[in-house]
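S.K.: Provided herewith is a single structure, encoded as structure tokens, for subsequent inquiry.
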Amino acid sequence: MTTREMHDRMANAIRFLSMDAVEKANSGHPGLPMGAADIATVLFSRYLSYDPQKPDWADRDRFVLSAGHGSMLLYSLLYLTGYEDIDLEQIKHFRQLGWRTAGHPEWGHAAGIETTTGPLGQGLANSVGMALAERIMNARFGDDLVDHYTYVLAGDGCLMEGISQEAISLAGHLKLNKLIVIWDDNNISIDGAISLSDSTDQCKRFEASGWNTTRVDGHNPDAIAAAIEAARKSDRPTLIAAKTTIGYGAPTRAGTNKAHGSPLGAEEIAGARKALGWDAEPFVVPSDVLDAWRVAGLRAAKERKEWEKRLCAADASTRAEFERRMRGDLPQGFDQLIVDYKKKLVEDKPKVATRKSSEMALEVINALVTETIGGSADLTGSNNTKTSQTGPIKPDDYSGRYVYYGIREHGMAAAMNGMTLHGGVIPYGGTFLTFSDYARPAMRLASLMGIRSIFVMTHDSIGLGEDGPTHQPVEHLAALRAIPNHYVMRPADAVEAAECWQIALESTKTPSTLTLTRQNLPTVRTEHAVENLSARGAYELAGTNGDAAVTIFATGSEVEIALAARAELEKRGHRTRVVSVPCMEIFAAQSDEYRAGLIGNASVKIAIEAGVRQSWDAIIGSDGLFVGMSGFGASGKIEDLYKHFGITAEAAVEAVEKRLASA
């Protein structure tokens with residue numbers, strides 16, 4: 001058992017590494033690491049199950065620093081406990097280009113960073129997905145292989161952000177009792193005292209959402225430990241409100257907003273050293289303190305080895321399935337499954353909405369890929385995200401494969417990211433494309449992290465009809481296409497929908513958004529191809545004999561219009577080809593030769609899409625023609641809307657002939 005004196009010195013090691021690193025960088029947030037050091041010391045030295053020598057151990061506890069601005073707390077812990085990725089040089093180069101110790105923790109930069117945090121509330125919502133994934137995997141593989149906790153350190157900002165309510169209400173409803181949130185309750189935000197902007201009783205809010213709550217002195221290690229032990233025995237998720245002093249130890253800035261987001265300065269740091277009895281030079285940790293931390297880092301190695309024995313003792317099929325799922329590999333036979341399914345579609349030629357095409361593809365996929373976890377933000381019947389294999393996940397019964405997220409688009413997207421980061425499951429979740437606005441911050445972070453989260457966005461244009469412009473996305477395709485490392489896929493028919501699902505599931509380092517129609521579309525891929533043509537991002541759907549005078553580019557529901565326009569132009573003697581562009585981002589990654597050959601040299605290039613023009617000029621050029629939207633939609637029947645806004649084959653033909661006549 002660590003003495004109080006040694007606990008204090010271990011906590012002070014976090015404090016001084018943090019304030020010294022911020023001071024050297026002349027940038028950062030020293031207040032949280034100084035205030036939360038006692039919490040972190042108790043958690044990492046007594047309770048958190050982790051092994052710096054095997055940081056990817058599947059049954060480790062997850063620690064999420066939701067208040068990511070306090071990143072030096074995490075970096076200090078990773079160095080002190082012996083993670084190879086974070087050595088003292090990394091600490092000394094905090095916030096410097098090319099080093100792992102970025103301004104906010106970034107997943108993939110170093111072992112021990114479980115998710116990218118910084119935008120407040122995201123980490124808290126990620127943790128709900130992690131805790132849910134743990135329960136789902138536990139239901140499948142049992143306590144021997146999956147039985148761990150998810151711990152979160154959150155600040156006032158995390159709890160003020162709206163996403164926090166979406167996250168905690170979902171976690172409370174699902175009774176995710178292995179989720180433990182420790183709130184760094186220091187009463188300070190950037191502007192000053194929390195009382196300037198908020199008077200919420202956070203414990204009552206969490207209690208109303210189905211959580212267990214308790215209040216403790218965040219500088220009393222025994223009180224912190226008792227709260228954690230009680231939380232580990234709870235049948236509900238737990239909030240521990242730990243009252244702390246921001247910038248603890250700083251003689252004039254402690255307890256004030258001046259300790260939050262800027263270096264303390266040499267004089268203040270010297271005063272803190274004196275007040276806390278810390279004689280070591282900057283970046284020096286006394287050997288006995290470092291030894292105590294390194295021993296803490298070895299504490300769970302025995303647990304990890306025992307878990308490895310249990311994994312080895314499991315039957316061969318269980319072990320193989322567990323390891324495959326944790327690696328993120330798809331089951332054998334997946335590619336052939338898609339090929340066979342596409343062949344059937346070409347034979348059957350269904351005329352269905354691509355939201356229905358997506359459901360049909362998922363019905364086939366979910367039978368083989370048993371780790372998929374579906375869901376919807378209260379639009380299951382509209383998004384078509386539920387299949388016969390995906391029974392509901394319920395409180396106390398996590399054996400299902402479908403999450404009813406409720407009207408929580410942002411929380412859903414962030415929880416999906418947490419599920420992906422946990423591993424062992426592949427989440428996909430649906431809403432209307434226009435409501436990607438609510439989910440976009442989490443979608444952006446999925447792209448930044450490079451993880452396989454799959455977003456299903458239906459009702460993708462004015463084609464949804466009578467609901468009107470509030471529900472009709474016009475700028476959303478362009479907005480999502482602006483996110484780096486994000487596949488925005490808009491399939492034209494059932495065959496392309498199957499191909500897009502294959503791409504999304506195989507893209508382990510890029511999240512995908514499938515944008516799908518409400519209205520029925522014909523099968524435009526009438527010849528079977530073993531190759532996934534959509535995997536090039538764009539391909540020639542209909543060619544012409546000889547050089548084309550006109551090339552029409554289109555996506556989704558407008559490919560049908562493009563084909564009709566081509567038929568009319570060919571009748572009028574204009575050689576015309578149609579290029580389907582299911583994914584601009586994948587097309588942009590193709591070779592220069594492929595791109596140039598597909599775009600071609602037709603004198604007229606025209607794009608047809610029921611959205612705004614932005615993002616199309618890279619294909620058609622700034623002088624290319626565009627048939628689409630230039631403003632918001634309207635309420636009305638679909639057939640009336642397309643005519644009203646001029647998104648028709650006739651309009652395309654007229655625009656082409658006008659350009660040809662002026663050439």
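Following the order of the structure tokens, chains are lettered A, B, ..., residues in each are numbered from 1, and ligands are numbered from 1.
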Could you find all residues in segment 207-320 of chain A that DSSP calls strand (DSSP E or B) from the backbone, and write them as a ChimeraX atom specification?
M.R.: /A:212-217,238-243
S.K.: For the selection you just gave me, I'd like the residues written to a file as a PDB file, in the first residue's frame, keeping all heavy atoms.
M.R.:
```
ATOM      1  N   ASN A 212     -25.465   6.297 -11.143  1.00  0.00           N
ATOM      2  CA  ASN A 212     -25.090   6.384  -9.748  1.00  0.00           C
ATOM      3  C   ASN A 212     -24.105   7.551  -9.617  1.00  0.00           C
ATOM      4  O   ASN A 212     -23.252   7.733 -10.477  1.00  0.00           O
ATOM      5  CB  ASN A 212     -24.420   5.070  -9.330  1.00  0.00           C
ATOM      6  CG  ASN A 212     -23.937   5.086  -7.898  1.00  0.00           C
ATOM      7  OD1 ASN A 212     -24.686   5.420  -7.003  1.00  0.00           O
ATOM      8  ND2 ASN A 212     -22.688   4.709  -7.693  1.00  0.00           N
ATOM      9  N   THR A 213     -24.225   8.376  -8.569  1.00  0.00           N
ATOM     10  CA  THR A 213     -23.303   9.504  -8.415  1.00  0.00           C
ATOM     11  C   THR A 213     -22.791   9.576  -6.987  1.00  0.00           C
ATOM     12  O   THR A 213     -23.455   9.131  -6.038  1.00  0.00           O
ATOM     13  CB  THR A 213     -23.966  10.848  -8.772  1.00  0.00           C
ATOM     14  OG1 THR A 213     -24.965  11.162  -7.803  1.00  0.00           O
ATOM     15  CG2 THR A 213     -24.582  10.821 -10.161  1.00  0.00           C
ATOM     16  N   THR A 214     -21.617  10.157  -6.865  1.00  0.00           N
ATOM     17  CA  THR A 214     -21.043  10.391  -5.539  1.00  0.00           C
ATOM     18  C   THR A 214     -20.122  11.593  -5.619  1.00  0.00           C
ATOM     19  O   THR A 214     -19.586  11.911  -6.690  1.00  0.00           O
ATOM     20  CB  THR A 214     -20.276   9.140  -5.046  1.00  0.00           C
ATOM     21  OG1 THR A 214     -19.858   9.341  -3.701  1.00  0.00           O
ATOM     22  CG2 THR A 214     -19.047   8.869  -5.906  1.00  0.00           C
ATOM     23  N   ARG A 215     -19.951  12.265  -4.499  1.00  0.00           N
ATOM     24  CA  ARG A 215     -19.061  13.427  -4.428  1.00  0.00           C
ATOM     25  C   ARG A 215     -17.901  13.121  -3.485  1.00  0.00           C
ATOM     26  O   ARG A 215     -18.108  12.550  -2.406  1.00  0.00           O
ATOM     27  CB  ARG A 215     -19.811  14.666  -3.929  1.00  0.00           C
ATOM     28  CG  ARG A 215     -20.907  15.152  -4.872  1.00  0.00           C
ATOM     29  CD  ARG A 215     -21.592  16.401  -4.327  1.00  0.00           C
ATOM     30  NE  ARG A 215     -22.673  16.864  -5.179  1.00  0.00           N
ATOM     31  CZ  ARG A 215     -22.542  17.691  -6.212  1.00  0.00           C
ATOM     32  NH1 ARG A 215     -21.329  18.158  -6.514  1.00  0.00           N
ATOM     33  NH2 ARG A 215     -23.572  18.058  -6.935  1.00  0.00           N
ATOM     34  N   VAL A 216     -16.687  13.509  -3.910  1.00  0.00           N
ATOM     35  CA  VAL A 216     -15.508  13.266  -3.074  1.00  0.00           C
ATOM     36  C   VAL A 216     -14.561  14.461  -3.145  1.00  0.00           C
ATOM     37  O   VAL A 216     -14.649  15.293  -4.049  1.00  0.00           O
ATOM     38  CB  VAL A 216     -14.735  11.999  -3.522  1.00  0.00           C
ATOM     39  CG1 VAL A 216     -15.613  10.770  -3.436  1.00  0.00           C
ATOM     40  CG2 VAL A 216     -14.159  12.167  -4.921  1.00  0.00           C
ATOM     41  N   ASP A 217     -13.651  14.500  -2.200  1.00  0.00           N
ATOM     42  CA  ASP A 217     -12.535  15.444  -2.220  1.00  0.00           C
ATOM     43  C   ASP A 217     -11.497  14.903  -3.205  1.00  0.00           C
ATOM     44  O   ASP A 217     -10.910  13.845  -2.976  1.00  0.00           O
ATOM     45  CB  ASP A 217     -11.944  15.568  -0.814  1.00  0.00           C
ATOM     46  CG  ASP A 217     -10.726  16.485  -0.752  1.00  0.00           C
ATOM     47  OD1 ASP A 217     -10.237  16.929  -1.825  1.00  0.00           O
ATOM     48  OD2 ASP A 217     -10.243  16.746   0.367  1.00  0.00           O
ATOM     49  N   THR A 238     -21.388   5.195 -13.322  1.00  0.00           N
ATOM     50  CA  THR A 238     -21.140   6.044 -12.153  1.00  0.00           C
ATOM     51  C   THR A 238     -20.438   7.328 -12.530  1.00  0.00           C
ATOM     52  O   THR A 238     -19.485   7.321 -13.314  1.00  0.00           O
ATOM     53  CB  THR A 238     -20.294   5.288 -11.110  1.00  0.00           C
ATOM     54  OG1 THR A 238     -21.022   4.136 -10.648  1.00  0.00           O
ATOM     55  CG2 THR A 238     -19.970   6.171  -9.919  1.00  0.00           C
ATOM     56  N   LEU A 239     -20.909   8.421 -11.931  1.00  0.00           N
ATOM     57  CA  LEU A 239     -20.201   9.695 -11.969  1.00  0.00           C
ATOM     58  C   LEU A 239     -19.612   9.958 -10.595  1.00  0.00           C
ATOM     59  O   LEU A 239     -20.332   9.971  -9.591  1.00  0.00           O
ATOM     60  CB  LEU A 239     -21.151  10.842 -12.341  1.00  0.00           C
ATOM     61  CG  LEU A 239     -20.518  12.245 -12.232  1.00  0.00           C
ATOM     62  CD1 LEU A 239     -19.533  12.477 -13.370  1.00  0.00           C
ATOM     63  CD2 LEU A 239     -21.580  13.338 -12.203  1.00  0.00           C
ATOM     64  N   ILE A 240     -18.304  10.165 -10.571  1.00  0.00           N
ATOM     65  CA  ILE A 240     -17.628  10.581  -9.344  1.00  0.00           C
ATOM     66  C   ILE A 240     -17.289  12.056  -9.490  1.00  0.00           C
ATOM     67  O   ILE A 240     -16.454  12.433 -10.326  1.00  0.00           O
ATOM     68  CB  ILE A 240     -16.354   9.760  -9.094  1.00  0.00           C
ATOM     69  CG1 ILE A 240     -16.689   8.272  -8.963  1.00  0.00           C
ATOM     70  CG2 ILE A 240     -15.621  10.266  -7.856  1.00  0.00           C
ATOM     71  CD1 ILE A 240     -15.461   7.365  -8.933  1.00  0.00           C
ATOM     72  N   ALA A 241     -17.955  12.882  -8.728  1.00  0.00           N
ATOM     73  CA  ALA A 241     -17.685  14.322  -8.762  1.00  0.00           C
ATOM     74  C   ALA A 241     -16.547  14.604  -7.780  1.00  0.00           C
ATOM     75  O   ALA A 241     -16.752  14.612  -6.562  1.00  0.00           O
ATOM     76  CB  ALA A 241     -18.935  15.103  -8.389  1.00  0.00           C
ATOM     77  N   ALA A 242     -15.367  14.804  -8.321  1.00  0.00           N
ATOM     78  CA  ALA A 242     -14.178  14.990  -7.490  1.00  0.00           C
ATOM     79  C   ALA A 242     -13.855  16.479  -7.408  1.00  0.00           C
ATOM     80  O   ALA A 242     -13.422  17.086  -8.389  1.00  0.00           O
ATOM     81  CB  ALA A 242     -13.004  14.214  -8.066  1.00  0.00           C
ATOM     82  N   LYS A 243     -14.082  17.061  -6.254  1.00  0.00           N
ATOM     83  CA  LYS A 243     -13.826  18.490  -6.064  1.00  0.00           C
ATOM     84  C   LYS A 243     -12.311  18.724  -6.005  1.00  0.00           C
ATOM     85  O   LYS A 243     -11.609  18.171  -5.162  1.00  0.00           O
ATOM     86  CB  LYS A 243     -14.491  18.966  -4.778  1.00  0.00           C
ATOM     87  CG  LYS A 243     -14.294  20.443  -4.488  1.00  0.00           C
ATOM     88  CD  LYS A 243     -14.857  21.322  -5.604  1.00  0.00           C
ATOM     89  CE  LYS A 243     -16.367  21.259  -5.665  1.00  0.00           C
ATOM     90  NZ  LYS A 243     -16.906  22.168  -6.718  1.00  0.00           N
TER      91      LYS A 243
END
```
S.K.: May I have the residues within 8 Å of Pro522 of chain A as a list in words, using only C-alpha atoms and disregarding those fewer than 4 positions away in the same chain?
M.R.: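 That gives Lys349, Pro350, Lys351, Val352, Asp493 and Glu560 of chain A.
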S.K.: For a quick check of understanding, using only C-alpha atoms, which of A:Met412, A:Ile39, A:Val604, A:Leu145 has the smallest distance to Asp378 of chain A?
M.R.: A:Met412
S.K.: Quick one: residues within 8 Å of segment 562-569 of chain A, only C-alpha atoms, excluding same-chain residues fewer than 3 positions away - as a PDB file with N, CA and C atoms, in the first residue's frame?
M.R.:
```pdb
ATOM      1  N   ALA A 542     -21.732   3.860 -69.408  1.00  0.00           N
ATOM      2  CA  ALA A 542     -22.236   3.733 -70.783  1.00  0.00           C
ATOM      3  C   ALA A 542     -21.305   4.495 -71.708  1.00  0.00           C
ATOM      4  N   ILE A 552     -21.206  12.808 -69.548  1.00  0.00           N
ATOM      5  CA  ILE A 552     -22.085  13.146 -68.426  1.00  0.00           C
ATOM      6  C   ILE A 552     -21.600  12.395 -67.193  1.00  0.00           C
ATOM      7  N   PHE A 553     -21.368  13.129 -66.123  1.00  0.00           N
ATOM      8  CA  PHE A 553     -20.964  12.555 -64.842  1.00  0.00           C
ATOM      9  C   PHE A 553     -22.142  12.683 -63.878  1.00  0.00           C
ATOM     10  N   ALA A 554     -22.420  11.642 -63.124  1.00  0.00           N
ATOM     11  CA  ALA A 554     -23.558  11.696 -62.208  1.00  0.00           C
ATOM     12  C   ALA A 554     -23.352  10.740 -61.051  1.00  0.00           C
ATOM     13  N   GLU A 558     -29.304  10.491 -59.798  1.00  0.00           N
ATOM     14  CA  GLU A 558     -29.188  11.248 -61.047  1.00  0.00           C
ATOM     15  C   GLU A 558     -28.496  10.469 -62.161  1.00  0.00           C
ATOM     16  N   VAL A 559     -27.980   9.284 -61.865  1.00  0.00           N
ATOM     17  CA  VAL A 559     -27.412   8.447 -62.924  1.00  0.00           C
ATOM     18  C   VAL A 559     -28.522   8.029 -63.891  1.00  0.00           C
ATOM     19  N   ARG A 572     -29.888  12.495 -81.228  1.00  0.00           N
ATOM     20  CA  ARG A 572     -29.680  13.761 -81.924  1.00  0.00           C
ATOM     21  C   ARG A 572     -28.295  13.850 -82.567  1.00  0.00           C
ATOM     22  N   GLY A 573     -27.581  12.739 -82.537  1.00  0.00           N
ATOM     23  CA  GLY A 573     -26.301  12.684 -83.233  1.00  0.00           C
ATOM     24  C   GLY A 573     -25.099  13.115 -82.429  1.00  0.00           C
ATOM     25  N   HIS A 574     -25.242  13.230 -81.124  1.00  0.00           N
ATOM     26  CA  HIS A 574     -24.118  13.646 -80.277  1.00  0.00           C
ATOM     27  C   HIS A 574     -23.588  12.430 -79.521  1.00  0.00           C
ATOM     28  N   ARG A 575     -22.385  12.024 -79.850  1.00  0.00           N
ATOM     29  CA  ARG A 575     -21.804  10.868 -79.161  1.00  0.00           C
ATOM     30  C   ARG A 575     -21.603  11.203 -77.683  1.00  0.00           C
ATOM     31  N   THR A 576     -22.219  10.372 -76.838  1.00  0.00           N
ATOM     32  CA  THR A 576     -22.288  10.705 -75.409  1.00  0.00           C
ATOM     33  C   THR A 576     -21.965   9.485 -74.565  1.00  0.00           C
ATOM     34  N   ARG A 577     -21.206   9.703 -73.537  1.00  0.00           N
ATOM     35  CA  ARG A 577     -20.902   8.646 -72.573  1.00  0.00           C
ATOM     36  C   ARG A 577     -21.359   9.083 -71.186  1.00  0.00           C
ATOM     37  N   VAL A 578     -21.607   8.116 -70.316  1.00  0.00           N
ATOM     38  CA  VAL A 578     -22.016   8.390 -68.936  1.00  0.00           C
ATOM     39  C   VAL A 578     -21.005   7.759 -67.989  1.00  0.00           C
ATOM     40  N   ILE A 608     -24.454  15.950 -63.199  1.00  0.00           N
ATOM     41  CA  ILE A 608     -25.835  16.005 -62.732  1.00  0.00           C
ATOM     42  C   ILE A 608     -25.881  15.428 -61.323  1.00  0.00           C
ATOM     43  N   ALA A 649     -33.559  15.076 -67.507  1.00  0.00           N
ATOM     44  CA  ALA A 649     -32.825  14.760 -68.736  1.00  0.00           C
ATOM     45  C   ALA A 649     -33.015  15.858 -69.766  1.00  0.00           C
ATOM     46  N   GLU A 650     -34.218  16.405 -69.849  1.00  0.00           N
ATOM     47  CA  GLU A 650     -34.498  17.463 -70.825  1.00  0.00           C
ATOM     48  C   GLU A 650     -33.638  18.691 -70.554  1.00  0.00           C
ATOM     49  N   ALA A 652     -30.756  18.729 -69.049  1.00  0.00           N
ATOM     50  CA  ALA A 652     -29.371  18.401 -69.379  1.00  0.00           C
ATOM     51  C   ALA A 652     -29.134  18.470 -70.883  1.00  0.00           C
ATOM     52  N   VAL A 653     -30.060  17.914 -71.666  1.00  0.00           N
ATOM     53  CA  VAL A 653     -29.931  17.939 -73.126  1.00  0.00           C
ATOM     54  C   VAL A 653     -29.918  19.379 -73.633  1.00  0.00           C
TER      55      VAL A 653
END
```
S.K.: For segment 276-293 of chain A, find every residue with an atom within 6 Å (counting only C-alpha atoms), except residues of its own chain fewer than 2 positions away, and show them as a list of chain:residue names.
M.R.: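 Residues meeting the cut-off are A:Met10, A:Leu17, A:Asp20, A:Leu80, A:Thr81, A:Ala272, A:Arg273, A:Lys274, A:Val295, A:Ala296.
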S.K.: Keeping N, CA and C atoms for every residue in the selection just given, could you write it to a file as a compact mmCIF listing (two decimals), in the first residue's frame?
M.R.:
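Saved to out29.txt:
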```
# COMPACT_ATOMS: atom_id res chain seq x y z
N MET A 10 4.29 11.08 -5.92
CA MET A 10 3.93 10.55 -7.24
C MET A 10 3.01 11.51 -7.98
N LEU A 17 6.13 17.65 -14.11
CA LEU A 17 6.37 17.34 -15.52
C LEU A 17 5.45 18.16 -16.42
N ASP A 20 6.35 21.98 -16.26
CA ASP A 20 7.63 22.23 -16.92
C ASP A 20 7.51 22.10 -18.44
N LEU A 80 5.71 8.07 -16.96
CA LEU A 80 6.01 7.58 -15.61
C LEU A 80 5.77 6.08 -15.47
N THR A 81 4.73 5.57 -16.14
CA THR A 81 4.41 4.14 -16.00
C THR A 81 5.19 3.25 -16.95
N ALA A 272 5.44 27.15 -6.70
CA ALA A 272 4.79 25.85 -6.58
C ALA A 272 5.78 24.81 -6.08
N ARG A 273 7.03 24.89 -6.55
CA ARG A 273 8.05 23.95 -6.08
C ARG A 273 8.25 24.09 -4.57
N LYS A 274 8.27 25.30 -4.14
CA LYS A 274 8.46 25.54 -2.71
C LYS A 274 7.24 25.07 -1.91
N VAL A 295 6.79 0.57 -10.96
CA VAL A 295 6.18 -0.59 -10.31
C VAL A 295 4.67 -0.58 -10.54
N ALA A 296 4.08 0.61 -10.45
CA ALA A 296 2.64 0.73 -10.72
C ALA A 296 2.32 0.29 -12.14
```
S.K.: Leaving out Thr385 of chain A and any residue of its chain fewer than 4 positions from it, which residues lie within 9 Å of it when counting only C-alpha atoms, given as JSON, numbers by chain?
M.R.: {"A": [355, 358, 359, 362, 374, 375, 376, 379, 380, 381, 402, 428, 429, 430, 456]}
S.K.: Take the residues just selected and output them with C-alpha atoms as a PDB file, in the first residue's frame.
M.R.:
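As a result, selection.pdb now contains:
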```pdb
ATOM      1  CA  ARG A 355     -31.839   2.823 -48.738  1.00  0.00           C
ATOM      2  CA  SER A 358     -28.493  -0.981 -48.552  1.00  0.00           C
ATOM      3  CA  GLU A 359     -30.800  -3.048 -46.335  1.00  0.00           C
ATOM      4  CA  LEU A 362     -26.804  -5.764 -45.170  1.00  0.00           C
ATOM      5  CA  GLY A 374     -26.305  -1.648 -36.566  1.00  0.00           C
ATOM      6  CA  GLY A 375     -28.288   1.271 -35.288  1.00  0.00           C
ATOM      7  CA  SER A 376     -30.241   4.386 -36.068  1.00  0.00           C
ATOM      8  CA  LEU A 379     -35.165   6.389 -37.915  1.00  0.00           C
ATOM      9  CA  THR A 380     -34.851   2.620 -38.181  1.00  0.00           C
ATOM     10  CA  GLY A 381     -37.798   2.228 -40.527  1.00  0.00           C
ATOM     11  CA  TYR A 402     -28.796  -3.368 -32.995  1.00  0.00           C
ATOM     12  CA  TYR A 428     -22.830   1.423 -38.563  1.00  0.00           C
ATOM     13  CA  GLY A 429     -25.552   3.913 -37.731  1.00  0.00           C
ATOM     14  CA  GLY A 430     -28.166   5.817 -39.641  1.00  0.00           C
ATOM     15  CA  VAL A 456     -25.659   5.534 -43.233  1.00  0.00           C
TER      16      VAL A 456
END
```
S.K.: Just checking: using only C-alpha atoms, which residue out of A:Ser447, A:Thr101, A:Ser662, A:Ser66 ends up closest to Val128 of chain A?
M.R.: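 Of the candidates, the smallest distance to Val128 of chain A is held by A:Ser66.
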S.K.: Find the residues around segment 531-535 of chain A up to 9 Å (only C-alpha atoms counted), leave out those fewer than 4 positions away in its own chain, and share them as a PyMOL selection string.
M.R.: chain A and resi 339+491+496+499-500+502-503+539+580-583+586-587
S.K.: For the residues selected in the previous step, produce a file with C-alpha atoms as a CSV table (one decimal), in the first residue's frame.
M.R.:
```csv
chain,number,residue,atom,x,y,z
A,339,VAL,CA,-19.6,-11.2,-56.1
A,491,PRO,CA,-24.6,4.5,-55.1
A,496,GLU,CA,-23.4,-0.1,-56.5
A,499,GLU,CA,-20.1,-2.5,-53.8
A,500,CYS,CA,-20.1,0.6,-51.6
A,502,GLN,CA,-17.8,-3.8,-49.5
A,503,ILE,CA,-15.6,-0.7,-49.8
A,539,TYR,CA,-16.1,4.3,-64.0
A,580,SER,CA,-21.0,7.0,-62.6
A,581,VAL,CA,-19.1,8.6,-59.8
A,582,PRO,CA,-20.1,6.8,-56.6
A,583,CYS,CA,-17.1,8.2,-54.6
A,586,ILE,CA,-11.6,7.3,-54.1
A,587,PHE,CA,-11.5,8.6,-57.7
```
S.K.: Determine the nearest neighbour of Val364 of chain A from the options A:Leu179, A:Ile269, A:Ala498, A:Ala275, counting only C-alpha atoms.
M.R.: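 The answer is A:Ala498, which sits nearest to Val364 of chain A.
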S.K.: Using only C-alpha atoms, determine which residues lie at most 9 Å from Ser169 of chain A, disregarding the query and same-chain residues fewer than 4 positions distant; provide the list as a list in words.
M.R.: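 Everything that qualifies: Ser164, Gln165, His173, Leu174, Phe206, Ala208, Ser209, Gly210 and Trp211 of chain A.
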S.K.: Could you write those residues out with N, CA and C atoms, as a PDB file, in the first residue's frame?
M.R.:
```pdb
ATOM      1  N   SER A 164     -22.856  15.700 -24.254  1.00  0.00           N
ATOM      2  CA  SER A 164     -22.763  14.955 -22.995  1.00  0.00           C
ATOM      3  C   SER A 164     -24.114  14.395 -22.584  1.00  0.00           C
ATOM      4  N   GLN A 165     -25.183  15.166 -22.794  1.00  0.00           N
ATOM      5  CA  GLN A 165     -26.494  14.660 -22.401  1.00  0.00           C
ATOM      6  C   GLN A 165     -26.916  13.488 -23.274  1.00  0.00           C
ATOM      7  N   HIS A 173     -29.544   4.552 -19.869  1.00  0.00           N
ATOM      8  CA  HIS A 173     -30.611   3.664 -20.332  1.00  0.00           C
ATOM      9  C   HIS A 173     -30.104   2.237 -20.509  1.00  0.00           C
ATOM     10  N   LEU A 174     -28.909   2.094 -21.069  1.00  0.00           N
ATOM     11  CA  LEU A 174     -28.361   0.763 -21.330  1.00  0.00           C
ATOM     12  C   LEU A 174     -27.679   0.149 -20.100  1.00  0.00           C
ATOM     13  N   PHE A 206     -27.057  13.657 -13.873  1.00  0.00           N
ATOM     14  CA  PHE A 206     -26.644  12.281 -14.135  1.00  0.00           C
ATOM     15  C   PHE A 206     -27.604  11.285 -13.483  1.00  0.00           C
ATOM     16  N   ALA A 208     -30.740  11.703 -12.915  1.00  0.00           N
ATOM     17  CA  ALA A 208     -31.968  11.688 -13.711  1.00  0.00           C
ATOM     18  C   ALA A 208     -31.807  10.869 -14.981  1.00  0.00           C
ATOM     19  N   SER A 209     -30.550  10.686 -15.411  1.00  0.00           N
ATOM     20  CA  SER A 209     -30.266   9.900 -16.616  1.00  0.00           C
ATOM     21  C   SER A 209     -29.938   8.449 -16.295  1.00  0.00           C
ATOM     22  N   GLY A 210     -30.117   8.056 -15.039  1.00  0.00           N
ATOM     23  CA  GLY A 210     -29.946   6.648 -14.675  1.00  0.00           C
ATOM     24  C   GLY A 210     -28.577   6.282 -14.154  1.00  0.00           C
ATOM     25  N   TRP A 211     -27.820   7.276 -13.693  1.00  0.00           N
ATOM     26  CA  TRP A 211     -26.477   7.025 -13.185  1.00  0.00           C
ATOM     27  C   TRP A 211     -26.463   7.005 -11.657  1.00  0.00           C
TER      28      TRP A 211
END
```
S.K.: What parts of segment 196-419 of chain A does DSSP call alpha helix (DSSP H)? I'd like the answer as a ChimeraX atom specification.
M.R.: /A:202-208,221-232,266-276,287-298,301-313,316-327,334-348,354-368,380-383,409-419
S.K.: Restricting the calculation to only C-alpha atoms, which member of A:Ile638, A:Val146, A:Leu74, A:Leu88 is positioned closest to Asp467 of chain A?
M.R.: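 Ranked by minimum distance to Asp467 of chain A, first place goes to A:Ile638.
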S.K.: Please produce, as JSON lines, a per-residue contact table for segment 73-126 of chain A versus segment 405-411 of chain A (criterion: any atom at most 12 Å away, only C-alpha atoms considered), showing the nearest atom pair and its distance in Å to one decimal, sorted by chain then residue number.
M.R.:
```
{"residue": "A:Gly121", "atom": "CA", "partner": "A:Gly411", "partner_atom": "CA", "distance": 9.5}
{"residue": "A:Gln122", "atom": "CA", "partner": "A:Gly411", "partner_atom": "CA", "distance": 8.4}
{"residue": "A:Gly123", "atom": "CA", "partner": "A:Gly411", "partner_atom": "CA", "distance": 10.7}
{"residue": "A:Leu124", "atom": "CA", "partner": "A:Gly411", "partner_atom": "CA", "distance": 9.6}
{"residue": "A:Ala125", "atom": "CA", "partner": "A:Gly411", "partner_atom": "CA", "distance": 6.0}
{"residue": "A:Asn126", "atom": "CA", "partner": "A:Gly411", "partner_atom": "CA", "distance": 8.4}
```
S.K.: Counting only C-alpha atoms, which of A:Leu43, A:Ala316, A:Ala225, A:Leu660 gets nearest to Thr150 of chain A?
M.R.: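 Using only C-alpha atoms, the shortest distance to Thr150 of chain A belongs to A:Leu43.
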S.K.: What is the atom CA of Ala58 of chain A-atom CA of His104 of chain A distance in Å, reported with one decimal?
M.R.: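 We find that atom CA of Ala58 of chain A and atom CA of His104 of chain A lie 24.3 Å from each other.
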S.K.: When you count only C-alpha atoms, which of these residues is closest to Leu132 of chain A: A:Ser197, A:Ser234, A:Thr420, A:Thr256?
M.R.: A:Thr420
